[in-house]
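Novice: Take this structure, written in structure tokens, and hold onto it; I'll ask about it next.
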Amino acid sequence: MTDWEGGGSALLEIRGLSKKFPGVLALDGVDFTLRAGEIHALLGENGAGKSTLIKILTGVYRRDGGTIRLDGNDICPTDVADAQRLRIGTVYQEVNLLPNLSVAENLFLGRQPLRWGLVDHRGMRRRAAAILADYGLSGVDPATPLGHCPVAVQQVIAIARAVDLSAKVLVLDEPTASLDRREVEMLFRVMRDLRARGIGIIFITHFLDQVYAICDRITVLRNGRLVGERRTDQLSRLDLVTMMLGRAMAAGAPMRRREAVARRGVVAFEGVGKSRYLHPFDLEIGAGEVVGMAGLLGSGRTETARLMFGLERADSGRIFVDGRPVRLRSPKDAVRLAFGYCPEDRKTDGIVGDLSLRANIILALQARRGWMRPLSSREQEAIAQTFITRLDIRTPDADRPIQYLSGGNQQKALLARWLATSPRFLILDEPTRGIDVGAHGEIIALIEQLCAEGLAMLVISSELDEVVSYSDRVLVMRDRRSVRTLEGTDITADAIMAAIAAGA
Amino acid sequence: MTRRFLPLLTTTGVFVAGYLLCMAEFHNFATARVACNLLTDNAYLGITAVGMTFVILSGGIDLSVGSVIAFTTVFLAIAIGPLRIPPLMAFLIALAIGAAFGAAMGAVIHALGIPPFIVTLAGMFLARGASFLLSTESVPITHPLYAMLNDLSLPISGGRLGLIAIVMLLVFLAGGILAHRTRFGANVFALGGNPASARLMGVPVGRTLILIYMLSGGLAALSGIVFSLYTSAGYSLAATGTELDAIAAVVIGGVLLTGGYGYVFGSFVGILIQGLIQTFITFDGTLSSWWTKIAVGALLFSFIGVQRLFQVFWSGSGDVDTA
Amino acid sequence: MTNSPMARPSSRQSVSSPAAEGASMRMSPEAAPLRAAPGFLKRGSGPVPGRRFLPQIGGLGLVLLADWLVSPQFFALRLQDGRLFGSVIDVLNRGAPVTLLSLGMTLVIATGGIDLSVGAVIAISGAVAASLVNGGLPVPLTIIAALSAGILCGAWNGLLISVLRIQPIVATLTLMVAGRGIAQLITEGVIVTFVNPSLSEIADGSWFYLPAPVMLVLGMLAVTLVLVRATALGLMIEAVGVNRRASELAGIGARSIIFLVYVWSGLCAAVAGLVLTADIKGADANNAGLWLELDAILAVVIGGTSLLGGRFSVVMAVLGAWIIQAMNTGILLSGFPPEFNLIVKSVVVLVILVVQSPVLGGLNPRSLFCGRGR
């Protein structure tokens with residue numbers, strides 16, 4: 001181990017880790033080394049074994065083989081509390097704290113300071129205030145219920161809790177997924193601080209930018225096997241993606257660029273807005289046109305989509321479809337108008353987990369027909385099979401409950417749900433979020449294909465390269481209003497970023 | 001901060017206003033005797049409500065308490081009567097049975113991951129059935145200790161605060177400390193907030209669940225002891241529907257039925273409000289007893305409605321989905 | 001949450017072997033017609049749809065076998081005065097109120113809700129019927145009034161739950177508590193008895209050789225089945241029960257659906273109330289339908305519908321109600337004291353708990369009782 005420059009001594013050494021689930025070898029002899037005072041990215045496509053490794057490390061699963069040594073001692077975490085005792089702290093993507101308890105109680109749950117055997121609330125708040133100040137959150141009152149804090153603050157509090165539990169190893173499982181750029185920066189500051197204090201951080205993320213921004217080392221897993229460990233500064237992006245995918249990918253997405261077409265407005269929004277929610281905006285989207293929407297989280301992107309789909313009622317403006325004014329006050333109206341909306345949060349807003357893939361695909365079509373006109377099982381099967389084939393949804397059969405499919409296939413099923421209604425206008429909110437790299441490309445190809453078939457689309461995405469690759473126009477959002485429209489050759493990632501940053 | 005106390009303040013306000021209203025209507029309402037009777041008559045319900053508060057705070061529900069009370073009274077009647085077990089010994093055994101029964105339900109809820117609703121439903125059948133097996137008749141308890149315990153009381157300016165009322169007050173006090181000033185209490189709130197997070201934060205979910213239902217079962221048994229003192233009999237049909245009254249009191253007391261929010265003191269006020277309604281109807285004499293049910297139902301509804309409105313108001317939209 | 005770690009490996013399994021999937025995908029078009037079996041049993045549960053309900057059918061068989069063992073004449077039937085008599089008919093007849101309740105309760109539970117108020121609604125509809133028929137109202141109008149009372153109660157529940165979004169258990173709890181008070185208000189606190197042969201006909205009459213309550217059950221079952229399976233309502237109820245937000249986003253009017261299931265539950269309870277009132281020729285606001293809501297919930301759970309909502313089966317819930325009644329009757333026939341019922345019932349609940357447990361169910365993905373496991 002002498003060839004490792006920089007970073008401290010090995011803090012955590014995993015050797016030959018294996019885990020078998022019925023019918024699948026989730027981890028197959030994986031090695032992983034974390035040094036004190038380093039930020040180590042753990043990367044891989046969905047199903048690569050990242051989460052299995054983390055779950056074994058944090059005591060959720062038991063390993064079937066291999067050794068885990070922490071500071072030279074063999075460990076075998078039996079549950080989360082045990083992992084905490086072993087000084088392994090974890091922060092998950094969805095903040096796993098308790099919104100109903102105060103910030104102080106969240107920081108000290110399970111180890112509240114006692115006086116005469118009873119919880120010393122005042123002392124606890126005092127100590128909490130000190131910890132918050134350490135993390136640059138001195139503005140937060142320790143007595144506020146956690147649920148009233150912004151997500152990024154909750155995230156930092158979760159880290160503070162883990163570190164304060166004397167963690168030496170901190171596992172951050174996609175903590176940045178729901179943060180905007182500024183909040184990510186705040187998180188990174190905290191992470192750099194902790195690195196300087198000698199804590200080893202395992203960082204899992206889908207954002208390669210973030211990997212290069214903060215990580216010292218990268219370990220890549222694929223199909224439950226170790227692909228390799230590299231220093232970040234010695235690994236190019238192309239090589240990294242190749243390691244993750246196990247195949248060489250064409251460098252850069254193909255650019256489709258058409259000259260600004262004369263738009264036949266299929267859907268037009270005129271001054272649509274809602275006070276204290278979204279400033280009124282105008283937008284006309286024609287058939288076969290993809291409008292990209294960029295902006296930071298909270299800039300009004302999802303809000304726009306929700307207004308467009310009737311999930312929020314606009315209090316100003318008019319909406320036209322094919323030139324005729326229409327009423328749009330609920331998702332039901334939107335479905336009737338042949339609009340479709342794939343929401344950002346697939347699990348809670350998209351899939352109906354327990355129902356079969358087939359039921360999920362026909363759901364919107366059935367809703368539009370109304371309950372009095374059911375689709376026969378033959379029609380259902382035909383529709384489902386059509387889209388399973390067309391979108392290449394990988395499933396043993398259409399009867400499989402959708403919750404058992406992978407994220408990418410769920411996303412395709414949601415697309416299928418709307419395509420089955422032959423929509424004229426489709427809104428996709430972060431269609432590639434939380435999807436492995438392979439499915440990523442397929443979804444993008446689908447967007448292009450649907451556009452070619454004459455669908456009008458609004459695609460919201462944080463991945464600027466993607467937005468640039470498929471959009472005919474790009475709307476840039478900031479502070480809940482649309483601030484800039486880019487067209488034709490003006491559409492570049494730099495221009496978008498400049499527009500986002502202009503007033504920030 | 002006031003936000004958190006608002007339900008509690010509302011409940012207390014309702015009780016004070018109700019009491020003032022009763023005082024205006026009936027002049028002898030203001031006496032210490034009425035106040036003491038209010039506490040004594042509702043002692044068994046109050047003790048159960050403390051256990052129910054913990055259960056509901058954790059996001060669960062315990063339908064078995066009424067049956068456990070009935071079982072305890074029958075068990076005591078038989079143990080003290082025909083079996084000649086010394087009453088204090090019998091009390092201890094009854095408490096142990098209640099606690100063990102609750103713990104078993106908690107263990108089943110935890111181990112099988114089944115909603116508490118259905119597990120405690122089974123417990124309700126089981127405990128009621130067991131008391132039927134012991135005796136279907138009402139069995140009187142005539143031990144001298146019962147008369148003695150019933151005579152114990154604390155004189156308060158004209159009124160007498162009976163032993164069982166004192167027991168209830170102590171249970172509420174202990175319950176309040178346990179819920180709000182101990183780690184166990186924090187764990188209960190944590191479970192009610194989000195069990196998955198609680199587990200990830202290292203809350204011993206299984207142990208806490210078992211302890212919660214054990215507490216509820218044990219307090220139900222204590223409530224049964226108090227009930228048998230109150231009625232000097234054991235009857236397997238006793239305390240039917242007590243679980244509903246207890247749940248109603250807890251909810252009226254401002255505890256969120258979804259768990260995670262509320263105060264033990266609130267349940268105490270909830271008990272007092274229910275008792276107040278009953279006392280009012282007794283005092284009035286012309287109103288029939290069914291008005292109690294309607295009034296409690298209406299109160300329940302208005303409290304739930306108000307809680308709901310606050311939720312909507314605070315979150316700024318109607319989308320607060322607890323499901 | 002107990003289920004999710006278990007569910008994950010199987011999902012991974014499905015995506016990690018593209019070769020096997022390719023094969024099964026090629027096969028699926030041929031396999032499709034096999035699965036396209038019509039009717040309520042087909043709900044895309046797995047490769048062999050019928051197998052999902054083996055425990056219920058087996059359970060009923062076991063209970064009936066036990067009944068036959070304690071009473072060899074259990075299956076004996078005789079025809080008398082144009083009506084069949086026998087223990088089996090008795091089971092169906094006595095089980096009618098719970099069976100009726102379970103029809104509505106199944107739909108309610110499938111949306112992820114619960115209706116605790118049905119016992120109180122029985123008391124209310126019974127009180128309405130008894131009071132009105134005593135007041136000289138013609139029987140058809142009385143029946144309509146009693147049913148309307150049930151529908152009104154259901155609409156109240158539905159309003160609270162779908163529009164105000166109050167938790168079902170809480171919303172129906174208020175009616176459960178206040179409902180008996182309301183019933184007593186109607187009967188003015190006494191047990192109202194009546195003498196009216198045509199109203200009593202609902203309980204002691206017989207149509208097509210079967211007791212009237214049994215025919216009522218079969219009729220309501222048929223109507224319910226048509227309502228949910230001949231339309232898309234069943235699918236929508238299941239979708240709302242599994243994920244209300246997603247269903248609404250797909251354009252399903254979740255509010256109206258939730259409202260509707262509570263109205264239906266109220267109506268079913270009112271019919272049950274009529275049967276019970278006609279049976280005792282009177283209305284007892286305190287005791288009519290007492291604890292029947294629990295039996296109805298039990299029947300639905302025995303029928304394999306998860307209390308967490310989602311996929312449901314009305315027929316299996318009816319089977320569940322029959323299982324409960326067959327046990328009750330068996331205990332009566334065997335000479336055990338009726339109090340024994342409760343013990344047996346609790347044991348049954350325990351057995352179901354074990355079988356339906358998401359923890360154990362997670363071990364077997366095809367688990368017949370598998371709930372949503374959250």
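Here's how to read the names in the structure tokens: chain A, B, ... by the order shown, residue numbers from 1 in each chain, ligand numbers from 1 in the order shown.
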Please, which residues of chain B lie no more than 8 Å from chain A when the count uses only C-alpha atoms, and can they be set out as a list in words?
Specialist: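 Selected residues: Met1, Arg181, Thr182, Arg183, Ala186, Asn187, Phe189, Ala190, Gly193, Asn194, Ala196, Ser197, Ala198, Arg199, Leu200, Met201, Gly202, Val203, Gly260 and Tyr261 of chain B.
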Novice: Based on the selection just made, write C-alpha atoms of those residues as a tab-separated table (two decimals), in the first residue's frame.
Specialist:
chain	number	residue	atom	x	y	z
B	1	MET	CA	-43.24	27.41	19.94
B	181	ARG	CA	-38.39	13.92	29.94
B	182	THR	CA	-36.88	10.51	29.19
B	183	ARG	CA	-35.08	8.91	26.29
B	186	ALA	CA	-38.26	10.69	22.84
B	187	ASN	CA	-38.10	7.30	21.17
B	189	PHE	CA	-42.20	10.41	19.55
B	190	ALA	CA	-39.53	9.32	17.07
B	193	GLY	CA	-42.72	10.73	13.46
B	194	ASN	CA	-41.27	8.19	11.07
B	196	ALA	CA	-37.98	4.10	9.23
B	197	SER	CA	-35.97	7.18	10.16
B	198	ALA	CA	-36.22	6.29	13.82
B	199	ARG	CA	-34.67	2.92	13.09
B	200	LEU	CA	-31.91	4.45	11.00
B	201	MET	CA	-31.21	6.90	13.80
B	202	GLY	CA	-30.59	4.00	16.11
B	203	VAL	CA	-33.87	3.96	18.02
B	260	GLY	CA	-45.62	12.13	16.78
B	261	TYR	CA	-47.36	15.18	18.22
Novice: Contacts of Gly340 (chain A) at 10 Å or less, counting only C-alpha atoms, minus same-chain residues fewer than 5 places along, as a PyMOL selection string?
Specialist: (chain A and resi 308-309+331+334-335+364+414-415+417-419+421-428+457) or (chain C and resi 249-251)
Novice: Please, could you write that set of residues out with C-alpha atoms as a tab-separated table (two decimals), in the first residue's frame?
Specialist:
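Written output follows (part-v3.tsv):
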chain	number	residue	atom	x	y	z
A	308	MET	CA	-49.41	23.51	-16.90
A	309	PHE	CA	-50.89	20.20	-15.76
A	331	PRO	CA	-55.06	16.90	-13.77
A	334	ALA	CA	-55.21	18.04	-18.44
A	335	VAL	CA	-55.60	14.36	-19.27
A	364	ALA	CA	-54.02	7.33	-17.72
A	414	LEU	CA	-44.49	6.13	-17.07
A	415	LEU	CA	-43.66	7.42	-20.53
A	417	ARG	CA	-48.57	5.48	-19.68
A	418	TRP	CA	-48.77	8.87	-21.36
A	419	LEU	CA	-47.93	7.70	-24.86
A	421	THR	CA	-53.15	8.28	-24.38
A	422	SER	CA	-51.69	9.61	-27.65
A	423	PRO	CA	-50.88	12.95	-26.07
A	424	ARG	CA	-50.33	16.16	-27.94
A	425	PHE	CA	-48.23	17.71	-25.19
A	426	LEU	CA	-45.90	15.95	-22.80
A	427	ILE	CA	-44.14	17.42	-19.78
A	428	LEU	CA	-41.11	15.52	-18.50
A	457	MET	CA	-42.65	18.47	-25.26
C	249	LEU	CA	-51.69	12.67	-11.53
C	250	ALA	CA	-52.73	10.07	-14.07
C	251	GLY	CA	-56.10	11.77	-14.23
Novice: For chain C against chain B, with a cut-off of 6 Å and counting only C-alpha atoms, what is the closest atom pair and its distance in Å to one decimal for every residue that makes the cut, ordered by chain and number, as a Markdown table?
Specialist:
| residue | atom | partner | partner_atom | distance |
| --- | --- | --- | --- | --- |
| C:Thr174 | CA | B:Gly297 | CA | 4.9 |
| C:Val177 | CA | B:Gly297 | CA | 5.4 |
| C:Ala178 | CA | B:Ile294 | CA | 4.4 |
| C:Gly181 | CA | B:Trp290 | CA | 4.7 |
| C:Glu339 | CA | B:Phe132 | CA | 5.9 |
| C:Leu342 | CA | B:Gly129 | CA | 4.9 |
| C:Ile343 | CA | B:Gly129 | CA | 5.1 |
| C:Ser346 | CA | B:Ala122 | CA | 4.5 |
| C:Val349 | CA | B:Ala122 | CA | 5.7 |
| C:Ser357 | CA | B:Leu112 | CA | 5.1 |
| C:Val359 | CA | B:Leu112 | CA | 5.6 |
Novice: Neighbouring residues of Ser228 (chain B) were defined as those with any atom within 12 Å, considering only C-alpha atoms; residues of the same chain fewer than 2 positions away were excluded. Please report them as a PyMOL selection string.
Specialist: chain B and resi 43-44+69-78+80+87+91+94+138-143+146-147+149-150+164+221-226+230-236+238-239
Novice: Skip region 231-239 of chain A itself and residues of its chain fewer than 6 positions away, then list as a JSON list (two decimals) with C-alpha atoms, in the first residue's frame all residues within 7 Å of it, counting only C-alpha atoms.
Specialist:
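After the write, result07.json holds the following:
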[["chain", "number", "residue", "atom", "x", "y", "z"],
["A", 212, "TYR", "CA", -14.59, 15.79, -9.95],
["A", 215, "CYS", "CA", -13.51, 13.58, -4.51],
["A", 216, "ASP", "CA", -9.91, 12.46, -4.03],
["A", 217, "ARG", "CA", -10.43, 8.92, -5.19],
["A", 218, "ILE", "CA", -12.96, 6.92, -7.14]]
